[in-house]
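Colleague: Here it is, the structure, as structure tokens.
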Amino acid sequence: MADEQSSLTQHVRAFEAGAHVVAAAFVDDEAALALADGSLLIGAPDAGRRIVAHPDGAVLVATSDGNRLITGGDDGRVVATSAAGEAIEIADEKGRWIDAVTTRGEVIAWSAGKQARARDAAGALKSWSAPSTVRGLCLLPKGYRLALAHYNGVSLWFPNVAAEPTLLEWKGSHLDATFSPDGRFLVTSMQENALHGWRLADSRNMRMTGYPGKTRSVSWSPEGHWLATSGADACVVWPFRDKDGPMGKAPRECGVRAARVTQVAFHPRALVVAIGYADGLVLLCRLGDGAEILVRAPGEGAISAFAWDLTGARLLFGLESGLAGLLTLPA
Amino acid sequence: MTASTAAAASEKIPVTVLTGYLGAGKTTLLNRILSEPHGKRYAVIVNEFGEIGIDNELVVGADEEVFEMNNGCICCTVRGDLIRIIEGLMKRKGRFDAIIVETTGLADPAPVAQTFFVDEDVQKAARLDAVVTVADAKWLSARLRDAPEAKNQIAFADVIILNKTDLVSSAELREVEARIRAINPYARLHHAQKCNVDISEVLERRAFDLDRILDIEPEFLVAEDHDHDHDGHDHDHHHHHGLKHYHDEDMQSISARLDGDVDPLKFMPWLNQLTQARGPNILRCKGIVALKDDPQRFVFQGVHMMLDGEPQRDWRPGEKRESKVVFIGRDLDEDEIRKGFLACAA
């Protein structure tokens, strides 16, 4: 457990976001929250600007690459919002829920049911219809290629190539997808309380099992050697440094508590992972020695969103209950 | 957050599943539910989005994506789209009071029900209230002969709305009712024209709530013996007098009873083995049993291979300790089930 002495709680500014926090990000270095009531909150705690990106809707999914907050709603719209609050509609899927969204630079990709779409920097729109609903989307770190997680596997799609996507097959329902930062590995979370991975060079399968619940939050360490995951009563961290990834290796566990981990986020520069739990507690944990520092005491429901700023000086978090907090690490 | 909103947020959203063969009147019932002045707000999950006129604020189109769970259980199918939609709807919590899922006419209700047994997140947020099946009084008998889906929907139902009774003679009505009872004697059955049933007979049934398993007598016997749970305006059950007895060739309900206790060391393995071995053919099961040396009633229910059971309450002073089980399914071996159960006697 966290040592009473090592606490950062006095460096947290707690504030009311006003609705279930779906995602957190730093947009042009400003704290930004995407909320289930369809609005965004951008700016300093208690002085944030509220932007209604999805009037009468709910934000279902959100992502950011630091310049804009991209949100997908149950109004069928994909909206890109800048730190200044300028909201641009990227797509309108006629009321069909946006199930996944991802972005890098000017590229934005999203899915609604089986339909996946990608828009490049020039605004050219490409579409592909997957065999079943696309639950997760991820851009390969280099090049214009996407992983689409769906039932029974993942399709690797080059939006600018007419050929059918390559199917990486694995039985079961795949939810979220993530590439390792070096692009060597692809990992999905699954309905069956497991992660599945592929080494892209030879499509070799990796099974990461033993979770009591679904993994819905994952985070790569800055150099890409570790993958932190939610879904257990500890943050489970898989080793990806070697050429075989986690195959045949046991994961590390940090932040072991009697509560389910709901969110994880690696610090962008250090081997320290922020861990959020279903009971509202937030910890920082150093991977090397497992040292823990308390950021938020339990209460008011599950942690539902995390984001570090670019330099790792600030951690923004949100709760399902509509509360939020901004940790500024002491210099 | 105040204490009262925290308490409200912890309540699970009830989910009612509407099934029924093509043209039976599901949409009529749905629109009736939505238009009644009940002050409740519903999130409605429909298939074929936009095709049918439903006047409701929150309508979600579903693809009915039925997935096999990768857990080695051959009949363990779930509705993937439902897991995703309920997850999304929970972000709008507080903006609706209940969820209604309308399935296609050819849908098997089992994957919908099993979704609530299998998915932890769905279980946390929502509870299955009841499977309500709308049946066409004129055409059901024919569909029971040629459409296995229609038979599944009747067998699975907690509530059956026998609709369009104005289009059949009283003899035809007795016939179709007897055919329904041959498959499922346990569901609440209501006669209706244009689905004019009391909405309270459709919603908030708590049919999957273990606490509510009070007794498992066939519905028509209960009604004929003592018409205690009706307040006068509902005379449906009186039509059951003179019910013909039919035997359905492939779908049956089998009930078994024994006076006194069962040995838990025999009963639990028997129940598990039976549902594992015959799970694909068992659509629903339910039971109230007296476990030896246990002061509490043990209740269970299941869908195919999935079982949910718990101690319910103390046996009351003077209450007769007895054990009862019911299975509804296809090609069930009555002898196997009955003998197996009786062999569990303590």
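Residues in the structure tokens are numbered from 1 in each chain, the chains being A, B, ... in the order shown, and ligands are numbered from 1 in the order shown.
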Residues of chain A no more than 7 Å from chain B, counting only C-alpha atoms: send them over as a list of chain:residue names.

Modeller: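 The answer, sorted by residue number, is A:His20, A:Ala36, A:Ala58, A:Leu60, A:Lys171, A:Gly172, A:Glu192.
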
Colleague: List the spatial neighbours of Phe96 in chain B as a list in words - criterion: any atom at most 10 Å away, only C-alpha atoms, same-chain residues fewer than 5 positions off excluded.

Modeller: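 After dropping sequence-adjacent residues, the list is Ile13, Lys40, Arg41, Tyr42, Ala43, Val44, Glu57, Leu58, Leu89 and Met90 of chain B.
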
Colleague: Taking into account only C-alpha atoms, which residue in the set A:Pro159, A:Ala87, A:Arg269, A:Ala19 is nearest to Ser304 in chain A?

Modeller: A:Ala19

Colleague: Could you check the closest approach to Asn205 in chain A for each of A:Asp289, A:Asp29, A:Asp99, A:Asp244 and tell me which residue wins, using only C-alpha atoms?

Modeller: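 Checking each candidate against Asn205 in chain A, we get A:Asp244 as the closest.
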
Colleague: Find the residues around Gln153 in chain B up to 10 Å (only C-alpha atoms counted), leave out those fewer than 6 positions away in its own chain, and share them as an MDAnalysis selection string.

Modeller: chainID B and resid 18:21 105:110 131:135 144 160 283

Colleague: Extract, using only C-alpha atoms, all DNA, RNA and protein residues at most 12 Å from Gly231 in chain A, discarding same-chain residues fewer than 2 positions from it, and format them as a PyMOL selection string.

Modeller: (chain A and resi 189-195+208-218+228-229+233-237+253+256+259-264+275-278) or (chain B and resi 120-121)

Colleague: Convert the current residue selection to file output with C-alpha atoms, as a PDB file, in the first residue's frame.

Modeller:
```
ATOM      1  CA  SER A 189      -8.192  -6.433 -25.591  1.00  0.00           C
ATOM      2  CA  MET A 190     -10.892  -9.072 -25.747  1.00  0.00           C
ATOM      3  CA  GLN A 191     -14.400  -9.744 -24.504  1.00  0.00           C
ATOM      4  CA  GLU A 192     -13.005 -12.926 -22.900  1.00  0.00           C
ATOM      5  CA  ASN A 193     -10.989 -11.055 -20.232  1.00  0.00           C
ATOM      6  CA  ALA A 194      -7.705 -11.466 -22.083  1.00  0.00           C
ATOM      7  CA  LEU A 195      -5.337  -9.622 -24.343  1.00  0.00           C
ATOM      8  CA  MET A 208      -2.122 -12.733 -22.330  1.00  0.00           C
ATOM      9  CA  THR A 209      -4.687 -14.168 -19.955  1.00  0.00           C
ATOM     10  CA  GLY A 210      -5.601 -14.340 -16.283  1.00  0.00           C
ATOM     11  CA  TYR A 211      -7.589 -11.119 -15.963  1.00  0.00           C
ATOM     12  CA  PRO A 212     -10.683 -11.191 -13.733  1.00  0.00           C
ATOM     13  CA  GLY A 213     -12.291  -8.454 -15.851  1.00  0.00           C
ATOM     14  CA  LYS A 214     -12.054  -6.817 -19.257  1.00  0.00           C
ATOM     15  CA  THR A 215      -9.011  -4.720 -20.069  1.00  0.00           C
ATOM     16  CA  ARG A 216     -10.195  -1.379 -21.416  1.00  0.00           C
ATOM     17  CA  SER A 217      -7.143   0.768 -20.749  1.00  0.00           C
ATOM     18  CA  VAL A 218      -3.602   0.090 -21.926  1.00  0.00           C
ATOM     19  CA  ALA A 228       0.604  -1.476 -18.720  1.00  0.00           C
ATOM     20  CA  THR A 229      -2.956  -2.825 -18.602  1.00  0.00           C
ATOM     21  CA  ASP A 233      -6.754  -5.845  -8.958  1.00  0.00           C
ATOM     22  CA  ALA A 234      -3.290  -4.595  -9.899  1.00  0.00           C
ATOM     23  CA  CYS A 235      -1.757  -2.908 -12.897  1.00  0.00           C
ATOM     24  CA  VAL A 236      -0.471  -5.817 -15.006  1.00  0.00           C
ATOM     25  CA  VAL A 237       2.615  -4.809 -17.017  1.00  0.00           C
ATOM     26  CA  GLU A 253       2.188  -6.446 -11.190  1.00  0.00           C
ATOM     27  CA  VAL A 256      -1.840  -4.446  -5.948  1.00  0.00           C
ATOM     28  CA  ALA A 259      -9.979  -2.837  -6.099  1.00  0.00           C
ATOM     29  CA  ARG A 260     -10.144  -3.201  -9.876  1.00  0.00           C
ATOM     30  CA  VAL A 261      -7.748  -1.109 -11.968  1.00  0.00           C
ATOM     31  CA  THR A 262      -9.776   0.886 -14.510  1.00  0.00           C
ATOM     32  CA  GLN A 263      -7.212   3.259 -16.056  1.00  0.00           C
ATOM     33  CA  VAL A 264      -3.470   3.172 -16.647  1.00  0.00           C
ATOM     34  CA  ILE A 275      -2.946   3.735 -11.972  1.00  0.00           C
ATOM     35  CA  GLY A 276      -6.624   4.564 -11.449  1.00  0.00           C
ATOM     36  CA  TYR A 277      -9.028   2.219  -9.654  1.00  0.00           C
ATOM     37  CA  ALA A 278     -12.756   1.492  -9.587  1.00  0.00           C
TER      38      ALA A 278
ATOM     39  CA  GLU B 120     -19.580  -8.427 -16.126  1.00  0.00           C
ATOM     40  CA  ASP B 121     -19.991  -4.818 -17.241  1.00  0.00           C
TER      41      ASP B 121
END
```

Colleague: Fewer than 5 positions away in the same chain doesn't count, so skip those; otherwise give me all residues within 12 Å of Glu36 in chain B, counting only C-alpha atoms, as a PDB file with C-alpha atoms, in the first residue's frame.

Modeller:
```
ATOM      1  CA  LEU B  29     -46.754  -3.321 -28.216  1.00  0.00           C
ATOM      2  CA  LEU B  30     -43.616  -1.199 -28.200  1.00  0.00           C
ATOM      3  CA  ASN B  31     -45.484   1.895 -29.339  1.00  0.00           C
ATOM      4  CA  ARG B  41     -38.334   7.328 -20.107  1.00  0.00           C
ATOM      5  CA  TYR B  42     -37.170   4.381 -22.176  1.00  0.00           C
ATOM      6  CA  ASP B  55     -41.779   7.933 -31.449  1.00  0.00           C
ATOM      7  CA  ASN B  56     -39.186   8.007 -28.695  1.00  0.00           C
ATOM      8  CA  ASN B 196     -54.016  -3.886 -25.397  1.00  0.00           C
ATOM      9  CA  VAL B 197     -52.486  -5.309 -22.251  1.00  0.00           C
ATOM     10  CA  ASP B 198     -51.854  -3.550 -19.014  1.00  0.00           C
ATOM     11  CA  ILE B 199     -48.278  -2.300 -19.308  1.00  0.00           C
ATOM     12  CA  SER B 200     -47.599  -3.386 -15.736  1.00  0.00           C
TER      13      SER B 200
END
```

Colleague: Nearest to Ile288 in chain B: which of B:Pro317, B:Lys266, B:Leu332, B:Ile216 is it, counting only C-alpha atoms?

Modeller: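 Among B:Pro317, B:Lys266, B:Leu332, B:Ile216, it is B:Ile216 that comes nearest to Ile288 in chain B.
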